[in-house]
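Shown here: query_5.tsv, TSV, N, CA and C atoms.
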chain	number	residue	atom	x	y	z
A	1027	MET	N	6.58	-24.13	12.20
A	1027	MET	CA	5.45	-24.13	11.29
A	1027	MET	C	5.53	-22.90	10.39
A	1028	VAL	N	5.44	-23.08	9.09
A	1028	VAL	CA	5.45	-22.01	8.11
A	1028	VAL	C	4.03	-21.45	7.99
A	1029	TYR	N	3.92	-20.11	8.05
A	1029	TYR	CA	2.62	-19.48	7.88
A	1029	TYR	C	2.79	-18.10	7.27
A	1030	THR	N	1.74	-17.63	6.60
A	1030	THR	CA	1.76	-16.33	5.91
A	1030	THR	C	0.68	-15.43	6.50
A	1031	GLU	N	1.01	-14.14	6.62
A	1031	GLU	CA	0.05	-13.12	7.04
A	1031	GLU	C	0.03	-12.01	6.01
A	1032	GLU	N	-1.18	-11.61	5.63
A	1032	GLU	CA	-1.37	-10.51	4.68
A	1032	GLU	C	-1.33	-9.19	5.44
A	1033	ARG	N	-0.78	-8.17	4.79
A	1033	ARG	CA	-0.71	-6.81	5.31
A	1033	ARG	C	-1.15	-5.86	4.20
A	1034	PRO	N	-1.51	-4.62	4.53
A	1034	PRO	CA	-1.96	-3.70	3.46
A	1034	PRO	C	-0.87	-3.38	2.44
A	1035	TRP	N	0.38	-3.57	2.78
A	1035	TRP	CA	1.51	-3.30	1.88
A	1035	TRP	C	1.99	-4.55	1.15
A	1036	GLY	N	1.50	-5.73	1.53
A	1036	GLY	CA	1.93	-6.99	0.92
A	1036	GLY	C	1.70	-8.15	1.87
A	1037	SER	N	2.77	-8.92	2.19
A	1037	SER	CA	2.62	-10.05	3.09
A	1037	SER	C	3.98	-10.45	3.66
A	1038	PHE	N	3.93	-11.28	4.70
A	1038	PHE	CA	5.15	-11.92	5.18
A	1038	PHE	C	4.85	-13.38	5.48
A	1039	THR	N	5.86	-14.20	5.28
A	1039	THR	CA	5.78	-15.62	5.59
A	1039	THR	C	6.86	-15.95	6.60
A	1040	VAL	N	6.47	-16.52	7.74
A	1040	VAL	CA	7.45	-16.97	8.72
A	1040	VAL	C	7.97	-18.32	8.27
A	1041	LEU	N	9.28	-18.38	8.00
A	1041	LEU	CA	9.92	-19.59	7.48
A	1041	LEU	C	10.48	-20.47	8.59
A	1042	ASP	N	10.93	-19.83	9.68
A	1042	ASP	CA	11.52	-20.58	10.80
A	1042	ASP	C	11.52	-19.66	12.01
A	1043	GLU	N	11.42	-20.24	13.20
A	1043	GLU	CA	11.50	-19.44	14.41
A	1043	GLU	C	11.89	-20.30	15.60
A	1044	GLY	N	12.56	-19.65	16.52
A	1044	GLY	CA	12.97	-20.26	17.77
A	1044	GLY	C	12.76	-19.25	18.90
A	1045	ARG	N	13.26	-19.56	20.06
A	1045	ARG	CA	13.04	-18.68	21.22
A	1045	ARG	C	13.62	-17.28	21.02
A	1046	THR	N	14.77	-17.17	20.35
A	1046	THR	CA	15.45	-15.88	20.22
A	1046	THR	C	15.64	-15.42	18.77
A	1047	TYR	N	15.00	-16.11	17.81
A	1047	TYR	CA	15.15	-15.70	16.41
A	1047	TYR	C	13.88	-16.02	15.63
A	1048	LYS	N	13.71	-15.28	14.52
A	1048	LYS	CA	12.61	-15.55	13.58
A	1048	LYS	C	13.10	-15.17	12.19
A	1049	VAL	N	12.76	-16.00	11.19
A	1049	VAL	CA	13.15	-15.74	9.81
A	1049	VAL	C	11.87	-15.58	8.99
A	1050	LYS	N	11.77	-14.43	8.29
A	1050	LYS	CA	10.59	-14.13	7.47
A	1050	LYS	C	11.00	-13.86	6.03
A	1051	ARG	N	10.11	-14.20	5.11
A	1051	ARG	CA	10.19	-13.71	3.73
A	1051	ARG	C	9.11	-12.63	3.61
A	1052	ILE	N	9.53	-11.42	3.33
A	1052	ILE	CA	8.62	-10.28	3.22
A	1052	ILE	C	8.44	-9.95	1.74
A	1053	THR	N	7.19	-9.79	1.32
A	1053	THR	CA	6.88	-9.33	-0.04
A	1053	THR	C	6.20	-7.98	0.08
A	1054	VAL	N	6.82	-6.96	-0.52
A	1054	VAL	CA	6.26	-5.61	-0.52
A	1054	VAL	C	5.75	-5.33	-1.92
A	1055	ASN	N	4.45	-5.06	-2.04
A	1055	ASN	CA	3.85	-4.81	-3.35
A	1055	ASN	C	4.44	-3.55	-3.99
A	1056	ALA	N	4.27	-3.44	-5.31
A	1056	ALA	CA	4.79	-2.30	-6.06
A	1056	ALA	C	4.32	-0.98	-5.47
A	1057	LYS	N	5.26	-0.05	-5.30
A	1057	LYS	CA	5.00	1.32	-4.84
A	1057	LYS	C	4.43	1.39	-3.42
A	1058	LYS	N	4.62	0.36	-2.63
A	1058	LYS	CA	4.13	0.35	-1.24
A	1058	LYS	C	5.31	0.43	-0.28
A	1059	ARG	N	5.01	0.74	0.99
A	1059	ARG	CA	6.05	0.78	2.02
A	1059	ARG	C	5.45	0.42	3.37
A	1060	LEU	N	6.31	-0.09	4.22
A	1060	LEU	CA	5.93	-0.40	5.60
A	1060	LEU	C	5.94	0.89	6.41
A	1061	SER	N	5.42	0.83	7.61
A	1061	SER	CA	5.42	2.01	8.47
A	1061	SER	C	6.84	2.36	8.90
A	1062	LEU	N	7.04	3.64	9.25
A	1062	LEU	CA	8.27	4.05	9.92
A	1062	LEU	C	8.10	3.60	11.35
A	1063	GLN	N	8.99	2.73	11.82
A	1063	GLN	CA	8.77	2.04	13.09
A	1063	GLN	C	10.08	1.75	13.80
A	1064	GLU	N	9.96	1.28	15.02
A	1064	GLU	CA	11.11	0.75	15.75
A	1064	GLU	C	10.64	-0.37	16.66
A	1065	HIS	N	11.60	-1.16	17.09
A	1065	HIS	CA	11.34	-2.28	18.00
A	1065	HIS	C	12.23	-2.13	19.22
A	1066	LYS	N	11.70	-2.39	20.38
A	1066	LYS	CA	12.47	-2.27	21.62
A	1066	LYS	C	13.23	-3.56	21.95
A	1067	HIS	N	12.72	-4.70	21.50
A	1067	HIS	CA	13.24	-5.98	21.98
A	1067	HIS	C	13.98	-6.81	20.92
A	1068	ARG	N	14.11	-6.29	19.70
A	1068	ARG	CA	14.78	-7.09	18.68
A	1068	ARG	C	15.54	-6.21	17.70
A	1069	CYS	N	16.57	-6.80	17.13
A	1069	CYS	CA	17.26	-6.20	15.98
A	1069	CYS	C	16.85	-7.01	14.75
A	1070	GLU	N	17.12	-6.46	13.58
A	1070	GLU	CA	16.74	-7.13	12.35
A	1070	GLU	C	17.86	-7.01	11.31
A	1071	TYR	N	17.97	-8.03	10.49
A	1071	TYR	CA	18.80	-8.00	9.29
A	1071	TYR	C	17.86	-8.08	8.10
A	1072	TRP	N	18.03	-7.22	7.12
A	1072	TRP	CA	17.25	-7.29	5.89
A	1072	TRP	C	18.18	-7.65	4.74
A	1073	ILE	N	17.83	-8.70	4.00
A	1073	ILE	CA	18.59	-9.14	2.83
A	1073	ILE	C	17.65	-9.05	1.63
A	1074	ILE	N	18.02	-8.25	0.65
A	1074	ILE	CA	17.19	-8.09	-0.54
A	1074	ILE	C	17.45	-9.29	-1.45
A	1075	VAL	N	16.39	-10.07	-1.74
A	1075	VAL	CA	16.57	-11.27	-2.56
A	1075	VAL	C	15.95	-11.13	-3.96
A	1076	ASP	N	15.07	-10.14	-4.16
A	1076	ASP	CA	14.52	-9.90	-5.49
A	1076	ASP	C	13.93	-8.50	-5.53
A	1077	GLY	N	14.51	-7.63	-6.37
A	1077	GLY	CA	13.98	-6.29	-6.54
A	1077	GLY	C	14.89	-5.22	-5.96
A	1078	ASP	N	14.36	-4.01	-5.93
A	1078	ASP	CA	15.05	-2.84	-5.39
A	1078	ASP	C	14.28	-2.34	-4.18
A	1079	ALA	N	15.02	-1.82	-3.21
A	1079	ALA	CA	14.39	-1.31	-1.99
A	1079	ALA	C	15.01	0.03	-1.63
A	1080	VAL	N	14.20	0.90	-1.07
A	1080	VAL	CA	14.70	2.09	-0.40
A	1080	VAL	C	14.44	1.85	1.07
A	1081	ILE	N	15.49	1.88	1.87
A	1081	ILE	CA	15.29	1.67	3.30
A	1081	ILE	C	15.79	2.87	4.07
A	1082	THR	N	15.10	3.12	5.15
A	1082	THR	CA	15.48	4.19	6.08
A	1082	THR	C	15.94	3.52	7.35
A	1083	ILE	N	17.11	3.92	7.84
A	1083	ILE	CA	17.62	3.48	9.14
A	1083	ILE	C	18.09	4.73	9.86
A	1084	GLY	N	17.39	5.09	10.92
A	1084	GLY	CA	17.70	6.34	11.60
A	1084	GLY	C	17.46	7.51	10.66
A	1085	ASP	N	18.46	8.36	10.49
A	1085	ASP	CA	18.34	9.53	9.61
A	1085	ASP	C	18.89	9.27	8.21
A	1086	ASN	N	19.26	8.04	7.91
A	1086	ASN	CA	19.88	7.72	6.62
A	1086	ASN	C	18.96	6.90	5.74
A	1087	GLN	N	19.05	7.15	4.43
A	1087	GLN	CA	18.31	6.36	3.44
A	1087	GLN	C	19.30	5.67	2.52
A	1088	TYR	N	18.95	4.43	2.11
A	1088	TYR	CA	19.81	3.63	1.26
A	1088	TYR	C	18.99	3.03	0.14
A	1089	LEU	N	19.56	2.97	-1.06
A	1089	LEU	CA	18.96	2.23	-2.17
A	1089	LEU	C	19.67	0.89	-2.23
A	1090	LEU	N	18.92	-0.18	-2.04
A	1090	LEU	CA	19.49	-1.53	-2.03
A	1090	LEU	C	19.00	-2.30	-3.24
A	1091	LYS	N	19.86	-3.14	-3.76
A	1091	LYS	CA	19.58	-4.01	-4.90
A	1091	LYS	C	19.63	-5.47	-4.44
A	1092	THR	N	19.23	-6.37	-5.29
A	1092	THR	CA	19.29	-7.80	-4.99
A	1092	THR	C	20.70	-8.17	-4.52
A	1093	GLY	N	20.76	-8.85	-3.37
A	1093	GLY	CA	22.03	-9.27	-2.78
A	1093	GLY	C	22.55	-8.34	-1.70
A	1094	ASP	N	22.01	-7.12	-1.60
A	1094	ASP	CA	22.44	-6.19	-0.56
A	1094	ASP	C	21.79	-6.53	0.78
A	1095	MET	N	22.43	-6.11	1.87
A	1095	MET	CA	21.95	-6.43	3.21
A	1095	MET	C	22.20	-5.24	4.13
A	1096	ARG	N	21.32	-5.04	5.12
A	1096	ARG	CA	21.51	-4.02	6.13
A	1096	ARG	C	21.09	-4.56	7.49
A	1097	PHE	N	21.72	-4.03	8.54
A	1097	PHE	CA	21.42	-4.36	9.93
A	1097	PHE	C	20.67	-3.19	10.55
A	1098	ILE	N	19.60	-3.49	11.28
A	1098	ILE	CA	18.81	-2.48	11.99
A	1098	ILE	C	18.89	-2.79	13.48
A	1099	PRO	N	19.62	-1.97	14.25
A	1099	PRO	CA	19.71	-2.22	15.69
A	1099	PRO	C	18.37	-2.01	16.40
A	1100	ALA	N	18.15	-2.69	17.50
A	1100	ALA	CA	16.96	-2.47	18.32
A	1100	ALA	C	16.92	-0.99	18.73
A	1101	GLY	N	15.71	-0.43	18.78
A	1101	GLY	CA	15.55	0.96	19.20
A	1101	GLY	C	15.86	1.99	18.12
A	1102	THR	N	15.99	1.55	16.87
A	1102	THR	CA	16.30	2.45	15.75
A	1102	THR	C	15.10	2.55	14.82
A	1103	LYS	N	14.69	3.78	14.49
A	1103	LYS	CA	13.60	3.96	13.53
A	1103	LYS	C	14.05	3.43	12.17
A	1104	HIS	N	13.12	2.74	11.50
A	1104	HIS	CA	13.44	2.17	10.19
A	1104	HIS	C	12.19	1.98	9.35
A	1105	ARG	N	12.40	1.88	8.03
A	1105	ARG	CA	11.29	1.68	7.10
A	1105	ARG	C	11.81	0.97	5.86
A	1106	LEU	N	10.98	0.10	5.31
A	1106	LEU	CA	11.27	-0.63	4.07
A	1106	LEU	C	10.27	-0.16	3.02
A	1107	SER	N	10.78	0.28	1.85
A	1107	SER	CA	9.93	0.80	0.78
A	1107	SER	C	10.26	0.12	-0.53
A	1108	ASN	N	9.23	-0.04	-1.37
A	1108	ASN	CA	9.42	-0.59	-2.71
A	1108	ASN	C	9.10	0.51	-3.73
A	1109	PRO	N	10.14	1.10	-4.35
A	1109	PRO	CA	9.90	2.18	-5.32
A	1109	PRO	C	9.56	1.69	-6.72
A	1110	SER	N	9.60	0.39	-6.95
A	1110	SER	CA	9.47	-0.13	-8.32
A	1110	SER	C	8.05	-0.58	-8.65
A	1111	ASP	N	7.90	-1.04	-9.88
A	1111	ASP	CA	6.60	-1.51	-10.37
A	1111	ASP	C	6.43	-3.01	-10.24
A	1112	LYS	N	7.35	-3.68	-9.57
A	1112	LYS	CA	7.22	-5.13	-9.37
A	1112	LYS	C	7.40	-5.43	-7.89
A	1113	PRO	N	6.94	-6.59	-7.43
A	1113	PRO	CA	7.07	-6.92	-6.00
A	1113	PRO	C	8.53	-6.99	-5.56
A	1114	LEU	N	8.76	-6.60	-4.32
A	1114	LEU	CA	10.06	-6.66	-3.67
A	1114	LEU	C	10.04	-7.83	-2.70
A	1115	LYS	N	11.10	-8.65	-2.70
A	1115	LYS	CA	11.19	-9.77	-1.76
A	1115	LYS	C	12.43	-9.59	-0.89
A	1116	VAL	N	12.22	-9.72	0.42
A	1116	VAL	CA	13.27	-9.50	1.41
A	1116	VAL	C	13.24	-10.65	2.40
A	1117	ILE	N	14.41	-11.13	2.78
A	1117	ILE	CA	14.51	-12.06	3.91
A	1117	ILE	C	14.86	-11.22	5.13
A	1118	GLU	N	14.04	-11.35	6.17
A	1118	GLU	CA	14.26	-10.63	7.42
A	1118	GLU	C	14.62	-11.65	8.50
A	1119	ILE	N	15.72	-11.39	9.18
A	1119	ILE	CA	16.12	-12.22	10.31
A	1119	ILE	C	16.02	-11.35	11.56
A	1120	GLN	N	15.15	-11.75	12.47
A	1120	GLN	CA	14.97	-11.05	13.74
A	1120	GLN	C	15.71	-11.80	14.83
A	1121	ILE	N	16.38	-11.04	15.69
A	1121	ILE	CA	17.08	-11.63	16.83
A	1121	ILE	C	16.75	-10.80	18.05
A	1122	GLY	N	16.32	-11.46	19.13
A	1122	GLY	CA	16.01	-10.71	20.34
A	1122	GLY	C	15.34	-11.56	21.40
A	1123	GLU	N	15.08	-10.91	22.53
A	1123	GLU	CA	14.47	-11.58	23.67
A	1123	GLU	C	12.97	-11.74	23.52
A	1124	TYR	N	12.34	-10.88	22.67
A	1124	TYR	CA	10.91	-10.95	22.43
A	1124	TYR	C	10.67	-10.61	20.96
A	1125	LEU	N	9.92	-11.46	20.25
A	1125	LEU	CA	9.76	-11.32	18.81
A	1125	LEU	C	8.31	-11.15	18.38
A	1126	GLY	N	7.43	-10.80	19.29
A	1126	GLY	CA	6.01	-10.66	18.98
A	1126	GLY	C	5.73	-9.50	18.04
A	1127	GLU	N	4.67	-9.64	17.24
A	1127	GLU	CA	4.27	-8.59	16.30
A	1127	GLU	C	3.84	-7.31	17.03
A	1128	ASP	N	3.57	-7.38	18.32
A	1128	ASP	CA	3.17	-6.17	19.06
A	1128	ASP	C	4.38	-5.36	19.55
A	1129	ASP	N	5.60	-5.79	19.24
A	1129	ASP	CA	6.80	-5.00	19.56
A	1129	ASP	C	7.09	-4.04	18.41
A	1130	ILE	N	6.09	-3.22	18.08
A	1130	ILE	CA	6.23	-2.22	17.03
A	1130	ILE	C	5.73	-0.88	17.56
A	1131	ILE	N	6.59	0.12	17.48
A	1131	ILE	CA	6.18	1.49	17.74
A	1131	ILE	C	6.15	2.17	16.38
A	1132	ARG	N	4.96	2.59	15.94
A	1132	ARG	CA	4.82	3.22	14.62
A	1132	ARG	C	4.85	4.74	14.76
A	1133	TYR	N	5.64	5.38	13.88
A	1133	TYR	CA	5.74	6.83	13.86
A	1133	TYR	C	4.99	7.43	12.67
A	1134	GLU	N	4.99	6.73	11.55
A	1134	GLU	CA	4.24	7.12	10.35
A	1134	GLU	C	3.72	5.86	9.70
A	1135	ASP	N	2.51	5.93	9.15
A	1135	ASP	CA	1.95	4.75	8.50
A	1135	ASP	C	0.99	5.17	7.42
A	1136	ASP	N	1.20	4.68	6.19
A	1136	ASP	CA	0.34	5.02	5.05
A	1136	ASP	C	-1.06	4.46	5.19
A	1137	PHE	N	-1.26	3.52	6.11
A	1137	PHE	CA	-2.55	2.82	6.22
A	1137	PHE	C	-3.29	3.13	7.51
A	1138	GLY	N	-2.84	4.14	8.26
A	1138	GLY	CA	-3.54	4.60	9.46
A	1138	GLY	C	-3.43	3.70	10.65
A	1139	ARG	N	-2.47	2.77	10.66
A	1139	ARG	CA	-2.31	1.89	11.82
A	1139	ARG	C	-1.52	2.62	12.91
A	1140	VAL	N	-1.79	2.23	14.15
A	1140	VAL	CA	-1.04	2.81	15.29
A	1140	VAL	C	-0.23	1.75	15.99
Represent the structure from my file as structure tokens, please.
Amino acid sequence: MVYTEERPWGSFTVLDEGRTYKVKRITVNAKKRLSLQEHKHRCEYWIIVDGDAVITIGDNQYLLKTGDMRFIPAGTKHRLSNPSDKPLKVIEIQIGEYLGEDDIIRYEDDFGRV
């Protein structure tokens, strides 16, 4: 079942999911970013499909353009940011034993979430 959830930084739409995977389309509004976070039970692939992104993986930062992709291992701090004036669209593929939204440890958050 396809469904969308709004977030303070934009939204995500779950396009497909199974027991060990989930595919999302993430839209990050202009000049917004997700929390600096990690997941214990899943890894993620981010594919930039429209726009520019600054992503943090561990201690490294990368500027990604449309068509670029990065892998985020489970247990690694990461963040997705949109430095531009237009929405950023990313396809996220999650793989793991547990894919619930509560598998997030937040270290920094622009919106005061824990």
Pick from A:Thr1092, A:Gln1087, A:Gln1063, A:Ser1110, whichever lies nearest to Tyr1133 of chain A using only C-alpha atoms: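 Using only C-alpha atoms, the shortest distance to Tyr1133 of chain A belongs to A:Gln1063.
Taking atom C of Glu1127 of chain A as the reference point, atom C of Gly1084 of chain A is found at 21.1 Å.
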Residues of chain A in strand (DSSP E or B), written as number ranges by chain: A: 1029-1033, 1036-1043, 1047-1054, 1059, 1062-1064, 1068-1076, 1079-1083, 1086-1090, 1095-1098, 1104-1107, 1114-1122, 1131-1134
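Distance-wise, atom CA of Val1116 of chain A and atom C of Leu1041 of chain A end up 13.4 Å apart.
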Atom-to-atom span, atom CA of His1065 of chain A and atom CA of Ala1079 of chain A, Å: 20.2 Å
Which residue of A:Asn1108, A:Arg1051, A:His1067, A:Glu1043 approaches Glu1031 of chain A most closely, using only C-alpha atoms: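 Once distances to Glu1031 of chain A are computed over only C-alpha atoms, the minimum belongs to A:Arg1051.
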Given all atoms listed in the file as the counted atoms, nearest of A:Thr1039, A:Ser1061, A:Thr1053, A:Thr1030 to Ile1131 of chain A: A:Ser1061
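Here the selection is built from all atoms listed in the file, and the residues within 7 Å of (12.1, -4.6, 2.1) turn out to be A:Ile1052, A:Val1054, A:Trp1072, A:Ile1074, A:Ala1079, A:Val1080, A:Arg1105, A:Leu1106, A:Ser1107, A:Asn1108, A:Leu1114, A:Lys1115, A:Val1116, A:Ile1117.
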If you take every atom of segment 1117-1124 of chain A that the file lists and fit an axis-aligned box around them with 8 Å extra on each side, what centre and edge lengths come out in Å to one decimal, as AutoDock Vina command-line options?
--center_x 13.9 --center_y -11.4 --center_z 13.2 --size_x 22.4 --size_y 17.6 --size_z 36.9
Best match for closeness to Asp1094 of chain A among A:Thr1082, A:Val1075, A:Phe1137, A:Pro1113, counting all atoms listed in the file: A:Val1075
Option closest in space to Ile1121 of chain A, from A:Met1027, A:Tyr1071, A:Gly1036, A:Arg1059 [counting only C-alpha atoms]: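 Under the stated criterion, the closest residue is A:Tyr1071.
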Residue nearest Cys1069 of chain A among A:Ile1130, A:Val1049, A:Ile1081, A:Ile1119 (counting only C-alpha atoms):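 Smallest separation from Cys1069 of chain A among the options: A:Ile1119.
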Write out all heavy atoms for segment 1061-1072 of chain A, as a short mmCIF file (atom, residue, chain, number, x, y, z; two decimals), in the coordinates of the input.
data_model
loop_
_atom_site.label_atom_id
_atom_site.label_comp_id
_atom_site.auth_asym_id
_atom_site.auth_seq_id
_atom_site.Cartn_x
_atom_site.Cartn_y
_atom_site.Cartn_z
N SER A 1061 5.42 0.83 7.61
CA SER A 1061 5.42 2.01 8.47
C SER A 1061 6.84 2.36 8.90
O SER A 1061 7.73 1.51 8.92
CB SER A 1061 4.54 1.76 9.70
OG SER A 1061 5.01 0.66 10.43
N LEU A 1062 7.04 3.64 9.25
CA LEU A 1062 8.27 4.05 9.92
C LEU A 1062 8.10 3.60 11.35
O LEU A 1062 7.14 4.00 12.03
CB LEU A 1062 8.45 5.57 9.83
CG LEU A 1062 9.69 6.13 10.52
CD1 LEU A 1062 10.96 5.59 9.86
CD2 LEU A 1062 9.66 7.64 10.51
N GLN A 1063 8.99 2.73 11.82
CA GLN A 1063 8.77 2.04 13.09
C GLN A 1063 10.08 1.75 13.80
O GLN A 1063 11.16 1.94 13.24
CB GLN A 1063 8.03 0.73 12.84
CG GLN A 1063 8.80 -0.22 11.93
CD GLN A 1063 8.00 -1.45 11.57
OE1 GLN A 1063 8.33 -2.53 12.03
NE2 GLN A 1063 6.97 -1.30 10.74
N GLU A 1064 9.96 1.28 15.02
CA GLU A 1064 11.11 0.75 15.75
C GLU A 1064 10.64 -0.37 16.66
O GLU A 1064 9.44 -0.52 16.91
CB GLU A 1064 11.83 1.84 16.55
CG GLU A 1064 11.14 2.29 17.81
CD GLU A 1064 11.98 3.30 18.59
OE1 GLU A 1064 12.09 4.45 18.14
OE2 GLU A 1064 12.49 2.93 19.66
N HIS A 1065 11.60 -1.16 17.09
CA HIS A 1065 11.34 -2.28 18.00
C HIS A 1065 12.23 -2.13 19.22
O HIS A 1065 13.41 -1.80 19.10
CB HIS A 1065 11.65 -3.62 17.32
CG HIS A 1065 11.03 -3.75 15.98
ND1 HIS A 1065 9.69 -3.94 15.78
CD2 HIS A 1065 11.58 -3.70 14.74
CE1 HIS A 1065 9.44 -4.01 14.49
NE2 HIS A 1065 10.57 -3.86 13.83
N LYS A 1066 11.70 -2.39 20.38
CA LYS A 1066 12.47 -2.27 21.62
C LYS A 1066 13.23 -3.56 21.95
O LYS A 1066 14.25 -3.51 22.61
CB LYS A 1066 11.54 -1.93 22.80
CG LYS A 1066 10.91 -0.57 22.70
CD LYS A 1066 11.96 0.52 22.77
CE LYS A 1066 11.31 1.89 22.72
NZ LYS A 1066 12.31 2.93 22.47
N HIS A 1067 12.72 -4.70 21.50
CA HIS A 1067 13.24 -5.98 21.98
C HIS A 1067 13.98 -6.81 20.92
O HIS A 1067 14.40 -7.92 21.23
CB HIS A 1067 12.10 -6.82 22.56
CG HIS A 1067 11.39 -6.14 23.67
ND1 HIS A 1067 11.93 -6.03 24.93
CD2 HIS A 1067 10.20 -5.49 23.71
CE1 HIS A 1067 11.10 -5.35 25.70
NE2 HIS A 1067 10.04 -5.02 24.98
N ARG A 1068 14.11 -6.29 19.70
CA ARG A 1068 14.78 -7.09 18.68
C ARG A 1068 15.54 -6.21 17.70
O ARG A 1068 15.19 -5.06 17.45
CB ARG A 1068 13.78 -7.95 17.92
CG ARG A 1068 12.82 -7.16 17.04
CD ARG A 1068 11.90 -8.12 16.27
NE ARG A 1068 11.02 -7.46 15.36
CZ ARG A 1068 9.71 -7.39 15.51
NH1 ARG A 1068 9.12 -7.93 16.56
NH2 ARG A 1068 8.97 -6.79 14.60
N CYS A 1069 16.57 -6.80 17.13
CA CYS A 1069 17.26 -6.20 15.98
C CYS A 1069 16.85 -7.01 14.75
O CYS A 1069 16.29 -8.10 14.88
CB CYS A 1069 18.77 -6.21 16.19
SG CYS A 1069 19.51 -7.84 16.33
N GLU A 1070 17.12 -6.46 13.58
CA GLU A 1070 16.74 -7.13 12.35
C GLU A 1070 17.86 -7.01 11.31
O GLU A 1070 18.58 -6.01 11.28
CB GLU A 1070 15.46 -6.51 11.76
CG GLU A 1070 14.26 -6.68 12.66
CD GLU A 1070 13.02 -5.95 12.17
OE1 GLU A 1070 13.14 -4.95 11.43
OE2 GLU A 1070 11.93 -6.39 12.53
N TYR A 1071 17.97 -8.03 10.49
CA TYR A 1071 18.80 -8.00 9.29
C TYR A 1071 17.86 -8.08 8.10
O TYR A 1071 16.96 -8.93 8.09
CB TYR A 1071 19.75 -9.20 9.25
CG TYR A 1071 20.84 -9.17 10.28
CD1 TYR A 1071 20.63 -9.70 11.55
CD2 TYR A 1071 22.09 -8.63 9.98
CE1 TYR A 1071 21.63 -9.68 12.50
CE2 TYR A 1071 23.09 -8.61 10.93
CZ TYR A 1071 22.86 -9.13 12.19
OH TYR A 1071 23.86 -9.12 13.14
N TRP A 1072 18.03 -7.22 7.12
CA TRP A 1072 17.25 -7.29 5.89
C TRP A 1072 18.18 -7.65 4.74
O TRP A 1072 19.19 -6.99 4.51
CB TRP A 1072 16.59 -5.95 5.58
CG TRP A 1072 15.40 -5.62 6.42
CD1 TRP A 1072 14.67 -6.47 7.17
CD2 TRP A 1072 14.82 -4.33 6.58
NE1 TRP A 1072 13.64 -5.80 7.81
CE2 TRP A 1072 13.72 -4.48 7.46
CE3 TRP A 1072 15.10 -3.07 6.08
CZ2 TRP A 1072 12.91 -3.42 7.84
CZ3 TRP A 1072 14.29 -2.02 6.46
CH2 TRP A 1072 13.21 -2.18 7.32
#
